[in-house]
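Source file: protein.cif; contents: mmCIF, C-alpha atoms.
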data_final
loop_
_atom_site.label_atom_id
_atom_site.label_comp_id
_atom_site.auth_asym_id
_atom_site.auth_seq_id
_atom_site.Cartn_x
_atom_site.Cartn_y
_atom_site.Cartn_z
CA MET D 7 3.68 -6.80 -1.25
CA LEU D 8 1.03 -5.49 -3.57
CA ARG D 9 3.07 -4.19 -6.48
CA THR D 10 1.13 -5.37 -9.49
CA GLN D 11 2.79 -7.07 -12.37
CA THR D 12 3.71 -4.33 -14.75
CA SER D 13 2.12 -3.28 -12.63
CA LEU D 14 -0.26 -6.32 -12.48
CA SER D 15 -0.65 -9.11 -14.97
CA THR D 16 -4.24 -9.62 -15.92
CA TRP D 17 -6.31 -12.67 -15.32
CA SER D 18 -8.49 -13.98 -18.08
CA GLN D 19 -12.02 -12.72 -17.61
CA GLU D 20 -14.63 -15.27 -16.57
CA ARG D 21 -18.24 -15.61 -17.63
CA SER D 22 -20.12 -12.45 -16.97
CA MET D 23 -22.17 -12.39 -13.77
CA LYS D 24 -25.24 -10.25 -13.38
CA TRP D 25 -24.32 -7.51 -11.05
CA LEU D 26 -25.30 -3.88 -10.80
CA VAL D 27 -24.35 -0.25 -9.94
CA LEU D 28 -25.26 2.95 -7.99
CA LEU D 29 -24.57 6.59 -8.86
CA GLY D 30 -23.53 9.91 -7.29
CA LEU D 31 -20.72 11.61 -5.48
CA VAL D 32 -21.06 13.73 -2.38
CA ALA D 33 -18.24 16.27 -2.40
CA PHE D 34 -16.61 18.07 0.50
CA SER D 35 -14.54 20.87 -1.05
CA GLU D 36 -11.42 22.52 0.33
CA CYS D 37 -10.76 19.56 2.61
CA ILE D 38 -7.67 17.63 3.54
CA VAL D 39 -8.49 14.22 4.95
CA LYS D 40 -5.80 12.35 6.89
CA ILE D 41 -6.19 8.63 7.46
CA PRO D 42 -3.78 7.24 10.07
CA LEU D 43 -2.36 3.93 8.95
CA ARG D 44 -1.07 1.04 10.99
CA ARG D 45 1.91 -1.15 10.31
CA VAL D 46 1.08 -4.84 10.08
CA LYS D 47 3.25 -7.93 10.24
CA THR D 48 2.89 -10.70 7.68
CA VAL D 49 0.82 -13.08 9.73
CA ARG D 50 1.91 -16.15 7.82
CA LYS D 51 4.86 -16.25 10.22
CA THR D 52 2.86 -15.53 13.33
CA LEU D 53 -0.87 -15.70 13.93
CA SER D 54 -1.80 -17.87 10.98
CA GLU D 55 0.69 -20.55 12.10
CA LYS D 56 -1.17 -20.85 15.37
CA ASN D 57 -4.74 -20.41 14.10
CA MET D 58 -4.96 -17.32 16.27
CA LEU D 59 -6.02 -14.73 13.71
CA ASN D 60 -9.76 -14.87 14.22
CA ASN D 61 -9.41 -14.76 18.01
CA PHE D 62 -6.94 -11.91 17.76
CA LEU D 63 -9.25 -9.81 15.63
CA LYS D 64 -12.21 -10.45 17.92
CA GLU D 65 -10.25 -9.59 21.03
CA HIS D 66 -8.90 -6.39 19.49
CA ALA D 67 -12.11 -5.19 17.90
CA TYR D 68 -12.59 -1.45 17.99
CA ARG D 69 -15.10 1.19 17.02
CA LEU D 70 -14.34 3.42 14.09
CA SER D 71 -14.23 6.95 15.45
CA GLN D 72 -13.39 10.26 13.88
CA ILE D 73 -11.41 13.08 15.44
CA SER D 74 -11.42 16.56 13.94
CA PHE D 75 -8.95 19.21 15.04
CA HIS D 76 -10.75 22.35 16.18
CA GLY D 77 -10.33 25.16 13.70
CA SER D 78 -8.75 22.91 11.11
CA ASN D 79 -9.99 21.37 7.90
CA LEU D 80 -7.90 18.27 8.57
CA THR D 81 -9.75 15.12 9.52
CA ILE D 82 -7.84 12.35 11.28
CA HIS D 83 -9.27 8.87 11.12
CA PRO D 84 -7.84 6.61 13.85
CA LEU D 85 -6.83 3.16 12.65
CA ARG D 86 -5.36 0.06 14.10
CA ASN D 87 -1.95 -1.53 13.92
CA ILE D 88 -1.93 -5.31 14.07
CA MET D 89 1.77 -6.00 13.97
CA ASP D 90 4.71 -5.08 11.79
CA LYS D 91 5.01 -4.74 8.05
CA LEU D 92 1.94 -3.65 6.13
CA TYR D 93 0.16 -0.33 6.51
CA VAL D 94 -3.61 -0.54 6.53
CA GLY D 95 -6.42 1.93 6.99
CA ASN D 96 -10.18 1.72 7.31
CA ILE D 97 -12.92 2.67 4.91
CA THR D 98 -16.64 2.00 4.91
CA ILE D 99 -18.84 0.76 2.09
CA GLY D 100 -22.62 0.68 1.80
CA THR D 101 -25.69 2.08 3.57
CA PRO D 102 -25.59 1.59 6.50
CA PRO D 103 -21.78 1.58 6.34
CA GLN D 104 -19.84 -1.66 6.59
CA GLU D 105 -16.24 -1.28 7.75
CA PHE D 106 -13.18 -2.73 6.01
CA GLN D 107 -9.45 -2.64 6.63
CA VAL D 108 -7.63 -2.07 3.36
CA ILE D 109 -4.12 -1.45 2.07
CA PHE D 110 -3.76 2.03 0.55
CA ASP D 111 -1.64 0.96 -2.41
CA THR D 112 0.14 3.28 -4.88
CA GLY D 113 1.19 0.22 -6.90
CA SER D 114 -2.32 -0.57 -8.18
CA SER D 115 -5.48 1.25 -9.19
CA ASP D 116 -8.43 -0.92 -8.17
CA LEU D 117 -10.49 -0.89 -5.00
CA TRP D 118 -11.76 -4.29 -3.93
CA VAL D 119 -12.86 -6.13 -0.81
CA SER D 120 -13.93 -9.68 -0.11
CA SER D 121 -17.52 -10.71 -0.84
CA VAL D 122 -19.91 -13.19 0.75
CA PHE D 123 -19.62 -15.14 -2.51
CA CYS D 124 -15.88 -15.72 -2.10
CA ILE D 125 -15.21 -19.45 -2.10
CA SER D 126 -11.53 -19.28 -1.06
CA PRO D 127 -10.49 -20.26 2.49
CA THR D 128 -8.63 -16.92 2.72
CA CYS D 129 -11.91 -15.04 2.69
CA SER D 130 -13.04 -16.68 5.91
CA THR D 131 -10.48 -14.54 7.76
CA HIS D 132 -11.65 -11.32 6.09
CA ILE D 133 -14.61 -9.06 6.69
CA ARG D 134 -16.85 -9.70 3.68
CA PHE D 135 -19.18 -7.19 2.09
CA ARG D 136 -22.84 -8.14 2.51
CA HIS D 137 -24.52 -6.52 -0.43
CA ARG D 138 -28.04 -7.43 0.66
CA GLN D 139 -27.62 -5.29 3.76
CA SER D 140 -26.86 -2.12 1.76
CA SER D 141 -29.77 -0.04 0.45
CA THR D 142 -27.45 1.80 -1.97
CA PHE D 143 -25.90 -1.25 -3.62
CA ARG D 144 -26.35 -1.90 -7.32
CA LEU D 145 -25.07 -4.69 -9.51
CA ALA D 146 -22.85 -4.48 -12.57
CA ASN D 147 -22.13 -6.88 -15.39
CA LYS D 148 -18.36 -7.24 -15.53
CA THR D 149 -15.72 -9.59 -14.13
CA PHE D 150 -12.00 -8.98 -13.75
CA GLY D 151 -8.85 -10.41 -12.18
CA ILE D 152 -5.60 -9.09 -10.75
CA MET D 153 -2.29 -10.78 -10.05
CA TYR D 154 -0.14 -9.09 -7.41
CA GLY D 155 3.43 -9.86 -6.42
CA SER D 156 2.15 -11.92 -3.48
CA GLY D 157 -1.25 -13.20 -4.53
CA ARG D 158 -4.15 -12.94 -6.93
CA MET D 159 -7.87 -12.39 -6.94
CA LYS D 160 -10.86 -12.68 -9.26
CA GLY D 161 -13.97 -10.63 -8.78
CA VAL D 162 -16.91 -8.71 -10.13
CA VAL D 163 -17.48 -4.98 -10.46
CA VAL D 164 -20.25 -3.43 -8.35
CA HIS D 165 -21.15 0.09 -7.18
CA ASP D 166 -21.99 1.50 -3.77
CA THR D 167 -21.22 4.40 -1.44
CA VAL D 168 -17.60 4.40 -0.25
CA ARG D 169 -16.27 6.61 2.53
CA ILE D 170 -12.69 7.51 3.42
CA GLY D 171 -13.07 9.61 6.53
CA ASP D 172 -15.15 12.64 5.51
CA LEU D 173 -14.76 11.94 1.80
CA VAL D 174 -17.78 10.23 0.27
CA SER D 175 -18.26 8.73 -3.17
CA THR D 176 -21.81 7.54 -3.75
CA ASP D 177 -21.26 6.04 -7.19
CA GLN D 178 -18.00 4.32 -6.63
CA PRO D 179 -17.29 1.27 -8.75
CA PHE D 180 -15.24 -1.33 -6.92
CA GLY D 181 -14.56 -5.02 -6.94
CA LEU D 182 -15.96 -7.84 -4.84
CA SER D 183 -13.65 -10.86 -4.79
CA VAL D 184 -15.06 -14.30 -5.51
CA THR D 185 -11.69 -16.06 -5.28
CA GLU D 186 -8.44 -15.07 -3.53
CA TYR D 187 -5.11 -16.89 -3.47
CA GLY D 188 -1.82 -16.11 -1.73
CA PHE D 189 -3.18 -13.79 0.97
CA GLU D 190 -3.54 -16.45 3.66
CA GLY D 191 -3.18 -15.08 7.17
CA ILE D 192 -2.67 -11.47 6.12
CA PRO D 193 -5.04 -9.29 8.18
CA PHE D 194 -6.64 -7.09 5.56
CA ASP D 195 -9.98 -7.15 3.80
CA GLY D 196 -8.96 -5.68 0.47
CA VAL D 197 -6.93 -3.09 -1.42
CA LEU D 198 -7.55 0.57 -2.23
CA GLY D 199 -5.46 1.37 -5.30
CA LEU D 200 -4.09 4.90 -5.69
CA ASN D 201 -2.32 4.57 -9.02
CA TYR D 202 -3.47 6.13 -12.30
CA PRO D 203 -6.70 5.05 -14.03
CA LYS D 204 -4.94 3.38 -16.95
CA LEU D 205 -3.71 0.67 -14.59
CA SER D 206 -7.21 -0.30 -13.46
CA PHE D 207 -7.83 -3.90 -14.42
CA SER D 208 -11.51 -3.72 -13.56
CA GLY D 209 -11.92 -0.72 -15.86
CA ALA D 210 -13.45 1.18 -12.94
CA ILE D 211 -12.55 4.79 -12.24
CA PRO D 212 -10.34 4.84 -9.13
CA ILE D 213 -11.83 6.42 -6.04
CA PHE D 214 -9.20 9.20 -5.97
CA ASP D 215 -10.20 10.22 -9.49
CA ASN D 216 -13.87 10.19 -8.58
CA LEU D 217 -13.20 12.45 -5.60
CA LYS D 218 -10.97 14.74 -7.67
CA ASN D 219 -13.37 15.04 -10.60
CA GLN D 220 -16.30 15.86 -8.35
CA GLY D 221 -14.42 18.52 -6.39
CA ALA D 222 -14.40 16.58 -3.14
CA ILE D 223 -10.74 17.42 -2.62
CA SER D 224 -9.27 20.87 -3.14
CA GLU D 225 -5.96 19.71 -4.64
CA PRO D 226 -5.29 16.54 -6.68
CA VAL D 227 -2.68 15.39 -4.17
CA PHE D 228 -2.28 12.69 -1.56
CA ALA D 229 0.63 11.97 0.76
CA PHE D 230 1.96 9.28 3.11
CA TYR D 231 3.69 9.42 6.45
CA LEU D 232 4.60 5.87 7.49
CA SER D 233 5.58 5.89 11.14
CA LYS D 234 8.12 3.56 12.69
CA ASP D 235 5.86 3.40 15.71
CA LYS D 236 4.50 -0.10 16.13
CA TRP D 237 0.96 0.99 16.90
CA GLU D 238 0.00 4.51 15.85
CA GLY D 239 0.99 7.61 13.96
CA SER D 240 1.01 6.66 10.28
CA VAL D 241 -1.12 8.80 7.99
CA VAL D 242 -2.33 9.04 4.43
CA MET D 243 -3.71 12.50 3.64
CA PHE D 244 -5.88 13.60 0.77
CA GLY D 245 -6.27 17.03 -0.85
CA GLY D 246 -3.12 18.63 0.53
CA VAL D 247 0.01 18.21 2.63
CA ASP D 248 0.53 18.67 6.35
CA HIS D 249 4.06 20.06 6.59
CA ARG D 250 4.51 18.93 10.19
CA TYR D 251 5.25 15.41 9.00
CA TYR D 252 8.58 16.17 7.30
CA LYS D 253 11.77 18.18 7.71
CA GLY D 254 13.19 20.70 5.26
CA GLU D 255 11.87 21.12 1.73
CA LEU D 256 10.06 18.68 -0.49
CA ASN D 257 12.21 17.54 -3.40
CA TRP D 258 10.00 17.16 -6.46
CA VAL D 259 10.73 14.38 -8.92
CA PRO D 260 8.95 14.24 -12.31
CA LEU D 261 7.42 10.91 -13.30
CA ILE D 262 8.99 9.03 -16.17
CA GLN D 263 5.58 9.33 -17.78
CA ALA D 264 2.13 10.26 -16.54
CA GLY D 265 0.22 7.12 -15.70
CA ASP D 266 2.39 5.31 -13.14
CA TRP D 267 4.23 6.33 -9.96
CA SER D 268 7.66 5.61 -11.46
CA VAL D 269 10.64 7.98 -11.47
CA HIS D 270 14.17 7.90 -12.84
CA MET D 271 16.81 6.91 -10.30
CA ASP D 272 20.44 7.90 -10.93
CA ARG D 273 22.20 5.16 -8.94
CA ILE D 274 22.37 3.10 -5.74
CA SER D 275 25.63 3.38 -3.82
CA MET D 276 27.37 2.36 -0.61
CA LYS D 277 30.64 3.80 0.72
CA ARG D 278 30.83 6.07 -2.33
CA LYS D 279 30.79 3.05 -4.64
CA VAL D 280 27.94 2.38 -7.06
CA ILE D 281 26.43 -1.03 -6.27
CA ALA D 282 23.35 -1.00 -8.53
CA CYS D 283 21.53 1.17 -11.08
CA SER D 284 24.93 2.13 -12.49
CA GLY D 285 23.56 3.57 -15.72
CA GLY D 286 20.36 4.95 -14.27
CA CYS D 287 17.19 2.92 -13.81
CA GLU D 288 13.50 3.09 -12.96
CA ALA D 289 12.25 3.37 -9.37
CA VAL D 290 8.63 2.65 -8.47
CA VAL D 291 7.42 4.36 -5.30
CA ASP D 292 5.04 1.79 -3.87
CA THR D 293 3.25 1.93 -0.52
CA GLY D 294 1.86 -1.57 -1.09
CA THR D 295 5.31 -3.21 -1.07
CA SER D 296 6.92 -3.86 2.29
CA LEU D 297 10.56 -4.07 1.27
CA ILE D 298 12.99 -2.75 -1.36
CA GLU D 299 12.93 -4.95 -4.43
CA GLY D 300 15.19 -5.17 -7.46
CA PRO D 301 16.67 -7.53 -10.06
CA ARG D 302 17.94 -10.82 -8.63
CA ARG D 303 21.60 -10.39 -9.61
CA LEU D 304 21.86 -6.91 -8.13
CA VAL D 305 19.95 -7.82 -4.96
CA ASN D 306 22.25 -10.84 -4.46
CA ASN D 307 25.26 -8.55 -4.84
CA ILE D 308 23.90 -6.21 -2.15
CA GLN D 309 23.30 -9.18 0.17
CA LYS D 310 26.95 -10.23 -0.25
CA LEU D 311 28.21 -6.70 0.38
CA ILE D 312 26.35 -6.50 3.70
CA GLY D 313 27.30 -10.05 4.69
CA ALA D 314 23.83 -11.58 4.54
CA THR D 315 23.33 -15.35 4.49
CA PRO D 316 20.25 -16.83 2.80
CA GLN D 317 18.09 -19.03 5.04
CA GLY D 318 14.69 -20.04 3.73
CA PHE D 319 12.88 -17.02 2.35
CA GLU D 320 15.11 -14.40 4.00
CA ASP D 321 18.73 -13.25 4.02
CA TYR D 322 20.00 -12.98 7.59
CA VAL D 323 22.73 -10.92 9.22
CA SER D 324 23.97 -10.57 12.76
CA CYS D 325 21.82 -8.11 14.68
CA PHE D 326 25.05 -6.40 15.75
CA ALA D 327 25.53 -5.41 12.09
CA VAL D 328 22.98 -2.63 12.56
CA ASN D 329 25.71 -0.66 14.31
CA THR D 330 28.47 -1.37 11.81
CA LEU D 331 26.98 -1.50 8.31
CA PRO D 332 26.95 1.68 6.20
CA SER D 333 23.94 3.43 4.75
CA ILE D 334 22.77 2.51 1.28
CA ILE D 335 22.16 5.64 -0.76
CA PHE D 336 19.45 5.99 -3.41
CA THR D 337 20.18 8.98 -5.66
CA ILE D 338 17.05 10.34 -7.33
CA ASN D 339 17.03 13.46 -9.46
CA SER D 340 20.55 14.28 -8.17
CA ILE D 341 19.41 14.17 -4.51
CA ASN D 342 20.83 11.51 -2.15
CA TYR D 343 18.37 9.56 -0.01
CA PRO D 344 20.40 7.47 2.44
CA VAL D 345 18.76 4.49 4.13
CA PRO D 346 20.79 3.46 7.20
CA ALA D 347 21.25 -0.12 8.36
CA ARG D 348 18.80 0.36 11.23
CA ASP D 349 16.12 0.84 8.55
CA TYR D 350 17.14 -1.85 6.04
CA ILE D 351 17.71 -4.53 8.66
CA LEU D 352 14.52 -5.94 10.17
CA LYS D 353 13.70 -8.48 12.88
CA ASP D 354 11.57 -11.55 12.44
CA SER D 355 9.25 -13.09 15.06
CA ARG D 356 12.19 -14.96 16.64
CA GLY D 357 14.24 -11.79 17.05
CA HIS D 358 16.64 -12.71 14.23
CA CYS D 359 17.76 -9.96 11.83
CA TYR D 360 17.27 -10.08 8.07
CA THR D 361 17.72 -7.59 5.26
CA ALA D 362 14.98 -5.62 3.56
CA PHE D 363 16.23 -6.31 0.04
CA LYS D 364 14.29 -8.77 -2.06
CA GLU D 365 14.22 -10.02 -5.62
CA ASN D 366 11.57 -8.39 -7.75
CA ARG D 367 9.91 -11.33 -9.44
CA VAL D 368 8.30 -9.09 -12.00
CA SER D 369 11.03 -8.84 -14.61
CA PRO D 370 10.67 -5.87 -16.95
CA SER D 371 13.15 -5.45 -19.79
CA ARG D 372 14.85 -2.50 -18.04
CA GLU D 373 16.36 -2.38 -14.56
CA THR D 374 13.56 -1.55 -12.13
CA TRP D 375 13.60 -1.08 -8.36
CA ILE D 376 10.58 -0.91 -6.09
CA LEU D 377 10.94 1.48 -3.17
CA GLY D 378 8.52 0.12 -0.62
CA ASP D 379 7.77 0.83 3.02
CA VAL D 380 11.37 0.42 4.20
CA PHE D 381 12.27 3.46 2.10
CA LEU D 382 9.02 5.33 2.76
CA ARG D 383 9.26 5.05 6.53
CA ARG D 384 12.31 7.28 6.24
CA TYR D 385 10.98 9.63 3.54
CA PHE D 386 7.62 11.38 3.58
CA SER D 387 6.08 11.04 0.12
CA VAL D 388 3.67 13.26 -1.81
CA PHE D 389 1.88 12.00 -4.92
CA ASP D 390 0.90 14.96 -7.09
CA ARG D 391 -1.55 13.94 -9.80
CA GLY D 392 -1.99 17.54 -10.93
CA ASN D 393 1.66 17.89 -11.93
CA ASP D 394 2.60 14.22 -12.45
CA ARG D 395 5.37 14.23 -9.88
CA ILE D 396 6.39 12.79 -6.52
CA GLY D 397 7.71 14.84 -3.61
CA LEU D 398 10.14 13.36 -1.09
CA ALA D 399 11.43 14.78 2.18
CA ARG D 400 12.95 13.44 5.37
CA ALA D 401 10.14 12.22 7.59
CA VAL D 402 10.00 13.54 11.15
#
File written out as structure tokens:
Amino acid sequence: MLRTQTSLSTWSQERSMKWLVLLGLVAFSECIVKIPLRRVKTVRKTLSEKNMLNNFLKEHAYRLSQISFHGSNLTIHPLRNIMDKLYVGNITIGTPPQEFQVIFDTGSSDLWVSSVFCISPTCSTHIRFRHRQSSTFRLANKTFGIMYGSGRMKGVVVHDTVRIGDLVSTDQPFGLSVTEYGFEGIPFDGVLGLNYPKLSFSGAIPIFDNLKNQGAISEPVFAFYLSKDKWEGSVVMFGGVDHRYYKGELNWVPLIQAGDWSVHMDRISMKRKVIACSGGCEAVVDTGTSLIEGPRRLVNNIQKLIGATPQGFEDYVSCFAVNTLPSIIFTINSINYPVPARDYILKDSRGHCYTAFKENRVSPSRETWILGDVFLRRYFSVFDRGNDRIGLARAV
């Protein structure tokens, strides 16, 4: 969902607004912080159609608590699952802290949340940052814009204290949106980008880099376990890897180049026949994208091979096909990563089955595939900034 165009196509910058900034970083060294994530359904098909979102969020309000394992330096931060497809986690911003539900997104680099100045109807369904209530807030003097695969925002850069579990950055630049489009009905308050600094469209140093540079995390690594459980269990961890979340060994894949979470993929095959990426291609490992996306022609070919019929925005198959269709195999760095039909066939709100393959509307000159949550639910992923590589292993 949140793969940025190349990754992200910029918006033209608006007139500068007088905003300001706060400094400092409180570091907790030798610490792994795990943030459980929750899978969320695109509400455009559910709650937003019935004007139920606000009531739903009020009825399911919860207190942000923190559980630490005795004798362990791991910190688990319980989060909430709203429905089905997106994975979101909570952070706090400001003093006293204000709580926000954000997408932890490896496809982008900027942190932003909605502001009280946002004039878009979308923002009325989001928690909005109230800067006047924070004693540590300072203004900046820069505007920026981001276009994602599913929406766009414009905002201003500000600074305040940001917390992810036990990790605290007290001079964290981030964005406050003043306009948002395309996110209607999606229950999140913003995005926390985990890509490299060069992809920051606000020009702000990403929070992971701030934490790394100040020694708040012992290793420049973060990892994702995206559970198939509808309510709990998903985790993003910072500063290290908890080996209980995967089976076997991690297979390390070097990045095509430092600066983006993209790797070389050898091929995509089914029944021992290559069906895409025949001459090798680029694969973007993206926690902010729900599905598996690729070039239109190749995606259409896969839909035909698995007998999918286009209806509206989806390509549908018989739900009985889950038991008969073969796995689709993604070969990366000479290692096969099969994704079985029970993973690449999903159910909509009516109980009808559709495929997880989608056209990537961002069209780079070379063949590019985006391996989103459908792939990452099956494979535990480690993002190693220190060695510019990604580790993959079968998730438990």
Checklist entry - Residues picked by the PyMOL selection byres ((chain D and resi 289) around 8) here, as number ranges by chain? => result D: 268-271, 287-288, 290-291, 374-377
Next on the checklist: For this structure, which residues satisfy the selection - the PyMOL selection byres ((chain D and resi 169) around 12) - when it is evaluated on the file as given? I want them as a ChimeraX atom specification.
Outcome noted: /D:31-34,39,41,83,95-106,166-168,170-178,198,213-214,216-217,222
Written file, previous selection with C-alpha atoms, as a PDB file, keeping the file's coordinate frame:
ATOM      1  CA  LEU D  31     -20.720  11.610  -5.480  1.00  0.00           C
ATOM      2  CA  VAL D  32     -21.060  13.730  -2.380  1.00  0.00           C
ATOM      3  CA  ALA D  33     -18.240  16.270  -2.400  1.00  0.00           C
ATOM      4  CA  PHE D  34     -16.610  18.070   0.500  1.00  0.00           C
ATOM      5  CA  VAL D  39      -8.490  14.220   4.950  1.00  0.00           C
ATOM      6  CA  ILE D  41      -6.190   8.630   7.460  1.00  0.00           C
ATOM      7  CA  HIS D  83      -9.270   8.870  11.120  1.00  0.00           C
ATOM      8  CA  GLY D  95      -6.420   1.930   6.990  1.00  0.00           C
ATOM      9  CA  ASN D  96     -10.180   1.720   7.310  1.00  0.00           C
ATOM     10  CA  ILE D  97     -12.920   2.670   4.910  1.00  0.00           C
ATOM     11  CA  THR D  98     -16.640   2.000   4.910  1.00  0.00           C
ATOM     12  CA  ILE D  99     -18.840   0.760   2.090  1.00  0.00           C
ATOM     13  CA  GLY D 100     -22.620   0.680   1.800  1.00  0.00           C
ATOM     14  CA  THR D 101     -25.690   2.080   3.570  1.00  0.00           C
ATOM     15  CA  PRO D 102     -25.590   1.590   6.500  1.00  0.00           C
ATOM     16  CA  PRO D 103     -21.780   1.580   6.340  1.00  0.00           C
ATOM     17  CA  GLN D 104     -19.840  -1.660   6.590  1.00  0.00           C
ATOM     18  CA  GLU D 105     -16.240  -1.280   7.750  1.00  0.00           C
ATOM     19  CA  PHE D 106     -13.180  -2.730   6.010  1.00  0.00           C
ATOM     20  CA  ASP D 166     -21.990   1.500  -3.770  1.00  0.00           C
ATOM     21  CA  THR D 167     -21.220   4.400  -1.440  1.00  0.00           C
ATOM     22  CA  VAL D 168     -17.600   4.400  -0.250  1.00  0.00           C
ATOM     23  CA  ILE D 170     -12.690   7.510   3.420  1.00  0.00           C
ATOM     24  CA  GLY D 171     -13.070   9.610   6.530  1.00  0.00           C
ATOM     25  CA  ASP D 172     -15.150  12.640   5.510  1.00  0.00           C
ATOM     26  CA  LEU D 173     -14.760  11.940   1.800  1.00  0.00           C
ATOM     27  CA  VAL D 174     -17.780  10.230   0.270  1.00  0.00           C
ATOM     28  CA  SER D 175     -18.260   8.730  -3.170  1.00  0.00           C
ATOM     29  CA  THR D 176     -21.810   7.540  -3.750  1.00  0.00           C
ATOM     30  CA  ASP D 177     -21.260   6.040  -7.190  1.00  0.00           C
ATOM     31  CA  GLN D 178     -18.000   4.320  -6.630  1.00  0.00           C
ATOM     32  CA  LEU D 198      -7.550   0.570  -2.230  1.00  0.00           C
ATOM     33  CA  ILE D 213     -11.830   6.420  -6.040  1.00  0.00           C
ATOM     34  CA  PHE D 214      -9.200   9.200  -5.970  1.00  0.00           C
ATOM     35  CA  ASN D 216     -13.870  10.190  -8.580  1.00  0.00           C
ATOM     36  CA  LEU D 217     -13.200  12.450  -5.600  1.00  0.00           C
ATOM     37  CA  ALA D 222     -14.400  16.580  -3.140  1.00  0.00           C
TER      38      ALA D 222
END
Item to check | Protein and nucleic acid residues near (24.0, -15.7, 10.7) (cut-off 8 Å, all atoms listed in the file) as a list of chain:residue names | outcome: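 Checked against the point, the hits come out as D:Ala314, D:Thr315, D:Tyr322, D:Val323, D:Ser324.
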Item to check | Selection as a PyMOL selection string: residues within 12 Å of (-6.9, 1.1, -6.6), counting all atoms listed in the file | outcome: chain D and resi 8-10+13-14+108-119+152+178-181+196-216+293-294
Let me see the file: selected residues, C-alpha atoms, as a short mmCIF file (atom, residue, chain, number, x, y, z; two decimals), in the frame of the given file.
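And here's part-v6.cif as it stands now:
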data_model
loop_
_atom_site.label_atom_id
_atom_site.label_comp_id
_atom_site.auth_asym_id
_atom_site.auth_seq_id
_atom_site.Cartn_x
_atom_site.Cartn_y
_atom_site.Cartn_z
CA LEU D 8 1.03 -5.49 -3.57
CA ARG D 9 3.07 -4.19 -6.48
CA THR D 10 1.13 -5.37 -9.49
CA SER D 13 2.12 -3.28 -12.63
CA LEU D 14 -0.26 -6.32 -12.48
CA VAL D 108 -7.63 -2.07 3.36
CA ILE D 109 -4.12 -1.45 2.07
CA PHE D 110 -3.76 2.03 0.55
CA ASP D 111 -1.64 0.96 -2.41
CA THR D 112 0.14 3.28 -4.88
CA GLY D 113 1.19 0.22 -6.90
CA SER D 114 -2.32 -0.57 -8.18
CA SER D 115 -5.48 1.25 -9.19
CA ASP D 116 -8.43 -0.92 -8.17
CA LEU D 117 -10.49 -0.89 -5.00
CA TRP D 118 -11.76 -4.29 -3.93
CA VAL D 119 -12.86 -6.13 -0.81
CA ILE D 152 -5.60 -9.09 -10.75
CA GLN D 178 -18.00 4.32 -6.63
CA PRO D 179 -17.29 1.27 -8.75
CA PHE D 180 -15.24 -1.33 -6.92
CA GLY D 181 -14.56 -5.02 -6.94
CA GLY D 196 -8.96 -5.68 0.47
CA VAL D 197 -6.93 -3.09 -1.42
CA LEU D 198 -7.55 0.57 -2.23
CA GLY D 199 -5.46 1.37 -5.30
CA LEU D 200 -4.09 4.90 -5.69
CA ASN D 201 -2.32 4.57 -9.02
CA TYR D 202 -3.47 6.13 -12.30
CA PRO D 203 -6.70 5.05 -14.03
CA LYS D 204 -4.94 3.38 -16.95
CA LEU D 205 -3.71 0.67 -14.59
CA SER D 206 -7.21 -0.30 -13.46
CA PHE D 207 -7.83 -3.90 -14.42
CA SER D 208 -11.51 -3.72 -13.56
CA GLY D 209 -11.92 -0.72 -15.86
CA ALA D 210 -13.45 1.18 -12.94
CA ILE D 211 -12.55 4.79 -12.24
CA PRO D 212 -10.34 4.84 -9.13
CA ILE D 213 -11.83 6.42 -6.04
CA PHE D 214 -9.20 9.20 -5.97
CA ASP D 215 -10.20 10.22 -9.49
CA ASN D 216 -13.87 10.19 -8.58
CA THR D 293 3.25 1.93 -0.52
CA GLY D 294 1.86 -1.57 -1.09
#
Within 10 Å of region 338-350 of chain D, which residues of region 226-320 of chain D come that close, and what is the closest atom pair and distance in Å for each? Count all atoms listed in the file and give it as JSON lines.
{"residue": "D:Lys234", "atom": "CA", "partner": "D:Asp349", "partner_atom": "CA", "distance": 9.4}
{"residue": "D:Asn257", "atom": "CA", "partner": "D:Ile341", "partner_atom": "CA", "distance": 8.0}
{"residue": "D:Trp258", "atom": "CA", "partner": "D:Asn339", "partner_atom": "CA", "distance": 8.5}
{"residue": "D:Val259", "atom": "CA", "partner": "D:Asn339", "partner_atom": "CA", "distance": 6.4}
{"residue": "D:Pro260", "atom": "CA", "partner": "D:Asn339", "partner_atom": "CA", "distance": 8.6}
{"residue": "D:Val269", "atom": "CA", "partner": "D:Ile338", "partner_atom": "CA", "distance": 8.0}
{"residue": "D:His270", "atom": "CA", "partner": "D:Ile338", "partner_atom": "CA", "distance": 6.7}
{"residue": "D:Met271", "atom": "CA", "partner": "D:Ile338", "partner_atom": "CA", "distance": 4.5}
{"residue": "D:Asp272", "atom": "CA", "partner": "D:Ile338", "partner_atom": "CA", "distance": 5.5}
{"residue": "D:Arg273", "atom": "CA", "partner": "D:Ile338", "partner_atom": "CA", "distance": 7.5}
{"residue": "D:Ile274", "atom": "CA", "partner": "D:Ile338", "partner_atom": "CA", "distance": 9.1}
{"residue": "D:Ser275", "atom": "CA", "partner": "D:Pro344", "partner_atom": "CA", "distance": 9.1}
{"residue": "D:Met276", "atom": "CA", "partner": "D:Pro344", "partner_atom": "CA", "distance": 9.2}
{"residue": "D:Gly286", "atom": "CA", "partner": "D:Ile338", "partner_atom": "CA", "distance": 9.4}
{"residue": "D:Cys287", "atom": "CA", "partner": "D:Ile338", "partner_atom": "CA", "distance": 9.9}
{"residue": "D:Glu288", "atom": "CA", "partner": "D:Ile338", "partner_atom": "CA", "distance": 9.8}
{"residue": "D:Ala289", "atom": "CA", "partner": "D:Ile338", "partner_atom": "CA", "distance": 8.7}
{"residue": "D:Leu297", "atom": "CA", "partner": "D:Tyr350", "partner_atom": "CA", "distance": 8.4}
{"residue": "D:Ile298", "atom": "CA", "partner": "D:Tyr350", "partner_atom": "CA", "distance": 8.5}
{"residue": "D:Ile312", "atom": "CA", "partner": "D:Ala347", "partner_atom": "CA", "distance": 9.4}
